[in-house]
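Enquirer: One file: my_file_1.cif (mmCIF, C-alpha atoms).
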```
data_model
loop_
_atom_site.label_atom_id
_atom_site.label_comp_id
_atom_site.auth_asym_id
_atom_site.auth_seq_id
_atom_site.Cartn_x
_atom_site.Cartn_y
_atom_site.Cartn_z
CA MET X 1 140.23 112.51 133.62
CA ASN X 2 141.04 115.98 132.57
CA GLU X 3 141.03 116.20 128.76
CA ASP X 4 142.57 119.64 128.56
CA TYR X 5 145.91 118.21 127.37
CA LEU X 6 144.14 116.87 124.32
CA TRP X 7 142.92 120.34 123.39
CA ASP X 8 145.58 122.79 124.57
CA LYS X 9 148.25 120.75 126.40
CA SER X 10 147.35 122.48 129.67
CA GLY X 11 146.28 119.45 131.64
CA GLU X 12 148.00 116.25 132.63
CA PRO X 13 149.59 114.53 129.66
CA ASP X 14 147.94 111.36 128.47
CA PRO X 15 150.48 108.71 127.47
CA GLN X 16 148.31 107.46 124.65
CA ILE X 17 147.93 110.91 123.21
CA GLU X 18 151.65 111.51 123.58
CA GLU X 19 152.34 108.31 121.71
CA LEU X 20 149.99 109.37 118.95
CA GLU X 21 151.70 112.76 118.90
CA GLN X 22 155.06 111.12 118.37
CA ILE X 23 153.74 108.95 115.58
CA LEU X 24 152.10 111.83 113.80
CA ALA X 25 154.92 114.29 114.48
CA PRO X 26 156.53 113.93 111.02
CA LEU X 27 153.24 114.97 109.48
CA ARG X 28 153.12 118.15 111.49
CA TYR X 29 152.92 121.46 109.60
CA GLN X 30 156.34 122.66 108.76
CA PRO X 31 156.62 126.15 107.26
CA LYS X 32 158.43 126.15 103.93
CA PRO X 33 158.17 128.16 100.73
CA LEU X 34 155.37 127.25 98.36
CA GLU X 35 156.50 125.09 95.49
CA LEU X 36 154.26 125.63 92.52
CA PRO X 37 154.07 122.74 90.07
CA VAL X 38 155.85 123.35 86.79
CA VAL X 39 153.24 123.94 84.03
CA ARG X 40 154.04 121.77 81.05
CA ARG X 41 152.99 123.23 77.72
CA ARG X 42 150.78 120.75 75.99
CA ASN X 43 151.68 119.96 72.44
CA TYR X 44 148.56 120.41 70.32
CA PHE X 45 150.26 119.51 67.05
CA SER X 46 149.15 115.91 67.11
CA LEU X 47 145.57 116.93 67.90
CA ALA X 48 145.59 119.48 65.12
CA ALA X 49 147.01 116.92 62.71
CA ILE X 50 144.28 114.43 63.57
CA ALA X 51 141.60 117.10 63.22
CA ALA X 52 143.01 118.22 59.85
CA THR X 53 143.16 114.63 58.61
CA LEU X 54 139.57 114.08 59.61
CA LEU X 55 138.52 117.33 57.92
CA VAL X 56 140.32 116.44 54.70
CA ALA X 57 138.78 112.97 54.75
CA LEU X 58 135.33 114.46 55.27
CA LEU X 59 135.85 116.97 52.46
CA ALA X 60 137.12 114.29 50.10
CA GLY X 61 134.16 112.10 50.96
CA GLY X 62 131.76 114.96 50.33
CA ILE X 63 133.31 115.80 46.97
CA TRP X 64 133.26 112.16 45.94
CA ILE X 65 129.59 111.80 46.83
CA LYS X 66 128.76 115.03 45.02
CA SER X 67 130.66 113.99 41.89
CA ARG X 68 128.86 110.64 41.91
CA LYS X 69 125.54 112.44 42.07
CA GLN X 70 126.53 114.70 39.17
CA GLN X 71 127.63 111.75 37.05
CA THR X 72 124.24 110.16 37.46
CA PRO X 73 121.80 112.05 35.23
CA PRO X 74 119.04 113.82 37.14
CA GLN X 75 115.91 111.78 37.57
CA GLN X 76 112.80 112.66 35.53
CA GLU X 77 114.77 115.10 33.39
CA ILE X 78 116.59 112.65 31.17
CA VAL X 79 115.56 113.17 27.60
CA LYS X 80 116.75 110.76 25.02
CA PHE X 81 118.43 112.08 21.90
CA VAL X 82 115.73 113.28 19.54
CA PRO X 83 116.52 113.08 15.85
CA SER X 84 116.77 116.28 13.87
CA GLU X 85 114.02 117.64 11.62
CA ALA X 86 115.14 115.54 8.69
CA GLU X 87 115.01 112.38 10.75
CA GLU X 88 111.68 113.28 12.25
CA LYS X 89 110.10 113.09 8.83
CA GLU X 90 111.01 109.43 8.64
CA PRO X 91 108.90 107.00 10.64
CA SER X 92 110.91 106.68 13.76
CA PRO X 93 110.09 106.11 17.41
CA PRO X 94 109.21 109.32 19.23
CA ALA X 95 111.34 110.95 21.86
CA VAL X 96 111.32 108.97 25.05
CA VAL X 97 111.43 110.47 28.48
CA VAL X 98 113.20 108.08 30.78
CA THR X 99 111.52 108.00 34.12
CA ASN X 100 112.59 104.63 35.38
CA THR X 101 115.53 105.39 37.57
CA ASP X 102 116.22 101.74 38.32
CA LEU X 103 117.74 101.26 34.88
CA PRO X 104 121.33 100.12 34.92
CA ARG X 105 123.94 102.64 33.89
CA LYS X 106 124.82 100.81 30.72
CA SER X 107 121.42 101.56 29.22
CA ILE X 108 121.79 105.26 29.93
CA HIS X 109 125.08 105.49 28.06
CA LYS X 110 124.02 103.12 25.35
CA ARG X 111 126.47 102.94 22.46
CA ASN X 112 128.39 105.86 23.99
CA LYS X 113 125.78 108.28 22.66
CA ARG X 114 125.67 111.48 24.59
CA ILE X 115 122.30 112.06 26.12
CA PHE X 116 121.45 115.69 26.66
CA THR X 117 119.40 117.00 29.48
CA LYS X 118 116.40 119.06 28.47
CA HIS X 119 118.28 122.30 28.93
CA GLU X 120 121.37 121.04 27.07
CA ARG X 121 119.24 119.82 24.19
CA GLU X 122 117.54 123.20 23.85
CA GLU X 123 120.94 124.85 23.90
CA ALA X 124 122.29 122.44 21.29
CA LEU X 125 119.29 122.99 19.03
CA ALA X 126 119.71 126.75 19.26
CA ALA X 127 123.41 126.36 18.53
CA LYS X 128 122.64 124.17 15.54
CA GLU X 129 120.27 126.79 14.14
CA GLN X 130 122.91 129.46 14.67
CA VAL X 131 125.57 127.35 12.96
CA LEU X 132 123.31 126.75 9.97
CA LEU X 133 122.46 130.43 9.76
CA ALA X 134 126.11 131.42 9.99
CA LEU X 135 127.14 128.86 7.38
CA ARG X 136 124.43 130.10 5.06
CA VAL X 137 125.62 133.70 5.38
CA ALA X 138 129.24 132.65 4.90
CA SER X 139 128.33 130.43 1.97
CA GLU X 140 126.33 133.18 0.25
CA LYS X 141 129.16 135.62 0.59
CA LEU X 142 131.72 133.17 -0.72
CA LYS X 143 129.53 132.24 -3.65
CA LEU X 144 129.07 135.92 -4.38
CA ALA X 145 132.83 136.40 -4.26
CA GLN X 146 133.28 133.50 -6.67
CA ARG X 147 130.71 134.96 -9.04
CA ARG X 148 132.23 138.40 -8.95
CA THR X 149 135.75 137.16 -9.54
CA GLN X 150 134.76 134.79 -12.34
CA THR X 151 132.25 136.90 -14.28
CA PRO X 152 133.79 139.61 -16.44
CA PRO X 153 132.45 143.12 -15.88
CA PRO X 154 129.35 143.82 -17.99
CA ASN X 155 130.83 147.04 -19.46
CA GLN X 156 133.67 145.04 -20.99
CA ILE X 157 131.22 142.84 -22.90
CA LYS X 158 129.35 145.86 -24.14
CA ASN X 159 132.57 147.40 -25.38
CA GLN X 160 133.52 144.18 -27.16
CA HIS X 161 130.22 144.28 -29.03
CA LYS X 162 130.75 147.86 -29.98
CA VAL X 163 134.20 147.11 -31.31
CA GLY X 164 133.02 144.00 -33.15
CA MET W 1 173.11 151.73 37.13
CA LYS W 2 174.94 148.61 36.05
CA LEU W 3 174.19 147.01 39.41
CA LEU W 4 170.50 147.84 39.08
CA PHE W 5 170.38 146.38 35.59
CA HIS W 6 172.18 143.30 36.82
CA LYS W 7 169.60 142.84 39.57
CA ILE W 8 166.52 143.25 37.36
CA ARG W 9 168.00 141.53 34.33
CA ILE W 10 166.30 138.17 34.75
CA PRO W 11 162.81 139.49 35.66
CA LEU W 12 163.08 141.97 32.79
CA ILE W 13 163.93 139.28 30.25
CA ALA W 14 161.18 137.02 31.60
CA GLY W 15 158.67 139.83 31.39
CA LEU W 16 159.67 140.66 27.83
CA LEU W 17 159.35 137.02 26.84
CA VAL W 18 155.86 136.82 28.33
CA VAL W 19 154.75 140.00 26.57
CA THR W 20 156.20 138.82 23.27
CA ALA W 21 154.52 135.43 23.62
CA ALA W 22 151.20 137.08 24.41
CA PHE W 23 151.44 139.31 21.35
CA THR W 24 152.41 136.36 19.16
CA VAL W 25 149.47 134.29 20.36
CA GLN W 26 147.12 137.24 19.86
CA ALA W 27 148.52 137.82 16.38
CA GLN W 28 147.98 134.18 15.39
CA ASN W 29 144.48 133.96 16.84
CA PRO W 30 142.06 134.08 13.91
CA ARG W 31 139.21 135.31 16.10
CA ILE W 32 138.04 138.76 15.04
CA GLN W 33 136.67 141.10 17.66
CA THR W 34 133.52 142.94 16.61
CA ILE W 35 132.94 145.08 19.70
CA SER W 36 133.87 148.17 17.70
CA ILE W 37 130.84 147.77 15.43
CA GLU W 38 128.32 146.81 18.11
CA HIS W 39 126.93 150.36 18.06
CA LEU W 40 125.54 149.73 14.56
CA VAL W 41 122.82 147.53 16.05
CA ALA W 42 120.89 150.65 16.99
CA LYS W 43 121.04 151.99 13.43
CA ALA W 44 120.37 148.74 11.60
CA SER W 45 116.95 147.74 10.43
CA ARG W 46 117.99 144.12 10.48
CA THR W 47 120.82 142.46 12.36
CA ILE W 48 122.18 138.97 12.23
CA ASP W 49 124.33 138.15 15.22
CA VAL W 50 125.76 134.68 15.51
CA ASN W 51 128.20 133.69 18.23
CA VAL W 52 128.95 130.00 18.36
CA ASP W 53 132.00 129.06 20.34
CA GLU W 54 133.79 125.69 20.46
CA ARG W 55 131.53 124.22 23.14
CA LEU W 56 128.37 125.12 21.25
CA MET W 57 129.92 123.92 17.99
CA LYS W 58 130.46 120.49 19.53
CA MET W 59 126.93 120.42 20.91
CA ALA W 60 125.47 121.47 17.55
CA ALA W 61 127.58 118.91 15.70
CA LYS W 62 126.10 116.17 17.88
CA LEU W 63 122.63 117.09 16.67
CA LEU W 64 123.65 116.90 13.03
CA SER W 65 122.55 113.61 11.59
CA ASP W 66 124.84 111.14 9.85
CA LYS W 67 121.94 109.70 7.88
CA ASP W 68 120.79 112.87 6.19
CA ILE W 69 123.14 113.66 3.28
CA GLU W 70 122.99 117.44 3.69
CA GLU W 71 123.50 117.33 7.42
CA LYS W 72 126.31 114.82 7.00
CA GLU W 73 128.07 117.25 4.66
CA ILE W 74 127.63 120.05 7.15
CA LYS W 75 128.87 117.84 9.95
CA GLN W 76 132.02 117.07 7.98
CA LEU W 77 132.45 120.75 7.20
CA VAL W 78 132.15 121.94 10.78
CA ALA W 79 134.31 119.16 12.20
CA GLY W 80 137.30 120.84 13.77
CA ILE W 81 135.84 124.33 13.58
CA LYS W 82 136.29 126.10 16.87
CA GLY W 83 133.85 128.93 16.38
CA ILE W 84 131.60 130.76 13.97
CA TYR W 85 130.83 134.41 14.40
CA VAL W 86 128.65 136.55 12.14
CA LYS W 87 127.68 140.18 12.41
CA SER W 88 125.47 141.43 9.62
CA PHE W 89 123.73 144.76 9.58
CA GLU W 90 121.19 145.95 7.05
CA PHE W 91 120.21 149.58 6.98
CA GLU W 92 117.27 151.45 5.54
CA ALA W 93 119.39 154.39 4.44
CA ASP W 94 122.85 154.89 2.96
CA GLY W 95 125.90 155.88 4.97
CA GLN W 96 124.91 154.45 8.31
CA TYR W 97 128.35 153.02 8.94
CA THR W 98 131.68 154.72 8.48
CA THR W 99 134.97 153.68 6.95
CA ALA W 100 136.34 153.66 10.49
CA ASP W 101 133.89 150.87 11.34
CA VAL W 102 135.13 148.81 8.41
CA GLU W 103 138.72 149.67 9.17
CA SER W 104 138.35 148.46 12.77
CA ILE W 105 137.64 145.01 11.36
CA ARG W 106 140.06 145.21 8.46
CA SER W 107 142.94 146.15 10.74
CA GLN W 108 142.57 142.81 12.51
CA VAL W 109 143.18 140.83 9.34
CA ARG W 110 146.39 142.65 8.49
CA GLY W 111 148.44 140.38 10.73
CA PRO W 112 151.14 138.10 9.32
CA SER W 113 148.97 135.01 9.57
CA TRP W 114 146.23 136.50 7.40
CA SER W 115 146.19 136.53 3.60
CA ARG W 116 143.66 138.31 1.44
CA MET W 117 142.30 135.83 -1.08
CA VAL W 118 139.61 137.95 -2.72
CA ASN W 119 139.06 141.67 -2.92
CA VAL W 120 136.25 142.81 -5.15
CA THR W 121 135.29 146.44 -5.10
CA SER W 122 132.43 147.82 -7.09
CA LYS W 123 130.56 151.08 -6.81
CA LYS W 124 127.35 149.33 -7.68
CA ASP W 125 127.70 146.11 -5.69
CA GLY W 126 129.95 147.28 -2.89
CA GLY W 127 133.07 145.60 -1.59
CA LEU W 128 133.75 142.02 -0.76
CA GLU W 129 136.93 140.81 0.87
CA VAL W 130 137.83 137.24 1.77
CA TYR W 131 140.75 136.56 4.07
CA LEU W 132 142.29 133.29 5.18
CA SER W 133 144.42 132.78 8.24
CA PHE W 134 147.22 130.24 8.04
CA GLN W 135 149.08 128.35 10.69
CA GLY W 136 152.02 126.98 8.77
CA GLU W 137 150.40 125.59 5.65
CA LEU W 138 147.07 124.86 7.24
CA VAL W 139 144.09 127.17 7.14
CA ASN W 140 142.97 127.99 10.65
CA GLY W 141 140.57 130.83 10.04
CA LEU W 142 138.36 132.66 7.58
CA ALA W 143 137.13 136.21 7.50
CA VAL W 144 134.69 137.76 5.07
CA ILE W 145 134.00 141.47 5.04
CA ALA W 146 131.11 142.49 2.83
CA THR W 147 130.19 146.13 2.48
CA ASP W 148 127.42 147.74 0.56
CA ASP W 149 125.62 151.07 0.73
CA ARG W 150 123.10 149.58 3.08
CA GLU W 151 124.82 146.49 4.35
CA PHE W 152 127.84 145.62 6.44
CA THR W 153 128.61 141.98 7.12
CA VAL W 154 131.49 140.34 8.92
CA VAL W 155 131.86 136.58 8.92
CA ASN W 156 134.56 134.94 10.99
CA ILE W 157 135.19 131.22 11.17
CA VAL W 158 137.86 129.96 13.55
CA GLY W 159 139.39 126.64 12.61
CA PRO W 160 140.06 124.68 9.44
CA VAL W 161 137.70 125.74 6.66
CA ASP W 162 137.14 124.15 3.27
CA LEU W 163 136.19 127.12 1.11
CA ASP W 164 134.92 125.08 -1.83
CA LYS W 165 132.67 122.98 0.33
CA LEU W 166 131.43 126.02 2.17
CA ALA W 167 130.58 127.85 -1.04
CA LYS W 168 128.75 124.81 -2.36
CA LEU W 169 126.53 124.67 0.69
CA GLU W 170 124.60 127.75 -0.41
CA GLY W 171 120.92 127.07 -0.63
CA GLN W 172 121.03 123.98 1.50
CA PHE W 173 120.12 123.25 5.11
CA GLY W 174 116.42 124.02 4.68
CA VAL W 175 117.09 127.35 6.30
CA PRO W 176 114.78 130.03 4.91
CA ASP W 177 116.38 132.53 2.56
CA LEU W 178 117.81 135.41 4.51
CA GLY W 179 117.27 137.86 1.70
CA ILE W 180 120.67 139.35 2.22
CA GLU W 181 121.18 139.79 -1.49
CA THR W 182 117.72 141.24 -2.11
CA THR W 183 119.13 144.33 -3.76
CA LYS W 184 121.03 142.32 -6.34
CA ALA W 185 119.86 140.15 -9.17
CA LYS W 186 120.32 136.53 -8.20
CA PRO W 187 120.87 133.86 -10.85
CA LYS W 188 118.03 131.37 -11.03
CA ASN W 189 120.25 128.34 -11.08
CA ASP W 190 121.91 129.44 -7.92
CA LYS W 191 120.84 126.46 -5.83
#
```
Step by step, read the file and then write its structure as structure tokens.
Expert:
Amino acid sequence: MNEDYLWDKSGEPDPQIEELEQILAPLRYQPKPLELPVVRRRNYFSLAAIAATLLVALLAGGIWIKSRKQQTPPQQEIVKFVPSEAEEKEPSPPAVVVTNTDLPRKSIHKRNKRIFTKHEREEALAAKEQVLLALRVASEKLKLAQRRTQTPPPNQIKNQHKVG
Amino acid sequence: MKLLFHKIRIPLIAGLLVVTAAFTVQAQNPRIQTISIEHLVAKASRTIDVNVDERLMKMAAKLLSDKDIEEKEIKQLVAGIKGIYVKSFEFEADGQYTTADVESIRSQVRGPSWSRMVNVTSKKDGGLEVYLSFQGELVNGLAVIATDDREFTVVNIVGPVDLDKLAKLEGQFGVPDLGIETTKAKPKNDK
């Protein structure tokens, strides 16, 4: 059997092939203009909103964790309130450095007394000295003013003696 | 012109109000600026410079004991005080500061809230001025200007001050004598 019909339709037609041709005819190439699919613009708003929400949540979480860390006094650096010079003269327990970090929070803020860190305590002591110095200067000047306004001038007394 | 004024009327009034408020607040603030006399540090043989703001005052107050009588008195005295500032210069020679230096401080206590309580001037002992700042009927500031041939001191306390208590505190605190009044005869029963 000549199979040329199958390749270029030049030979004797084969009924089976013809039948197949008829079946497949609707699927034959038909020239028509190209129809490009319509590009739909994707809406990124929802994605952006989700991303922003996640970012805000992460930021809030970070700030919260950081603030919690700051509220907890730094380990090894907690110095208990040390009494002033006047109190030190009295027999009192020495300054205690708290190193046990497993202590419950209540013991750290015992009786609502502010516990300074080492740096804060040094700053407070310096401030106290400055306050005392300033008060002394102010007090001396005020006392001097009182003295000068209350005591009569010495010349006046001398004159009174002379007159008397 | 009228149209222009009409357009800028509201911003203009708002601006004026802000400026007026700022000047009023500044006028009522009993804090004295001492930048104008900072240059005297170089000339002075001895300088006392105290700058304690409200935050430091609170910190210092926490270290003052309630058990010690003297410290308790001081604690009561400084309660409510928002700042203490002292500038004191001692010189080895006369005439190291000018009247302009004194005037730069004095001009700040000429505001309506300030009242001069004491003004003692003596050729021998120098000048001593005490000013109080009032907010209504309450004292909210103190200023002391002490001048001598070889000394210039400015004390400024911001906040309520009890003058009697402050004067009585002299000689307390266990702070060593500053020797500020070394040139003058000091009564023995001063403490």
Enquirer: Write down, as a list in words, each residue of chain X that has any atom within 7 Å of an atom of chain W, counting all atoms listed in the file.
Expert: Ser84, Ala86, Ala124, Leu125, Ala127, Lys128, Gln130, Val131, Leu132, Ala134, Arg136, Ala138, Ser139, Glu140, Leu142, Lys143 and Ala145 of chain X
Enquirer: Separation of atom CA of W:Glu54 and atom CA of W:Arg116, in Å?
Expert: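 Answer for the atom CA of W:Glu54 to atom CA of W:Arg116 separation: 24.9 Å.
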Enquirer: Quick one: pull the distance between atom CA of W:Pro160 and atom CA of W:Ala79, Å, one decimal.
Expert: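 Computed distance, atom CA of W:Pro160 to atom CA of W:Ala79, equals 8.4 Å.
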Enquirer: As an exercise, work out the distance from atom CA of W:Pro30 to atom CA of W:Lys82 in Å and give it to one decimal place.
Expert: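 Going from atom CA of W:Pro30 over to atom CA of W:Lys82 covers 10.3 Å.
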Enquirer: Which residues, written as a PyMOL selection string, have at least one atom at most 12 Å from W:Lys43, with only C-alpha atoms counted and residues fewer than 2 positions away on the same chain left out?
Expert: chain W and resi 37-41+45-47+89-97+150-152
Enquirer: Leaving out W:Leu138 and any residue of its chain fewer than 3 positions from it, which residues lie within 10 Å of it when counting only C-alpha atoms, given as a ChimeraX atom specification?
Expert: /W:132-135,141,159-161
Enquirer: Around all the atoms of stretch 140-145 of chain X listed in the file, with 3 Å of room on each side, what axis-aligned box do you get, giving centre and edge lengths in Å to one decimal, as JSON?
Expert:
```
{"center_x": 129.6, "center_y": 134.3, "center_z": -1.9, "size_x": 12.5, "size_y": 10.2, "size_z": 11.0}
```
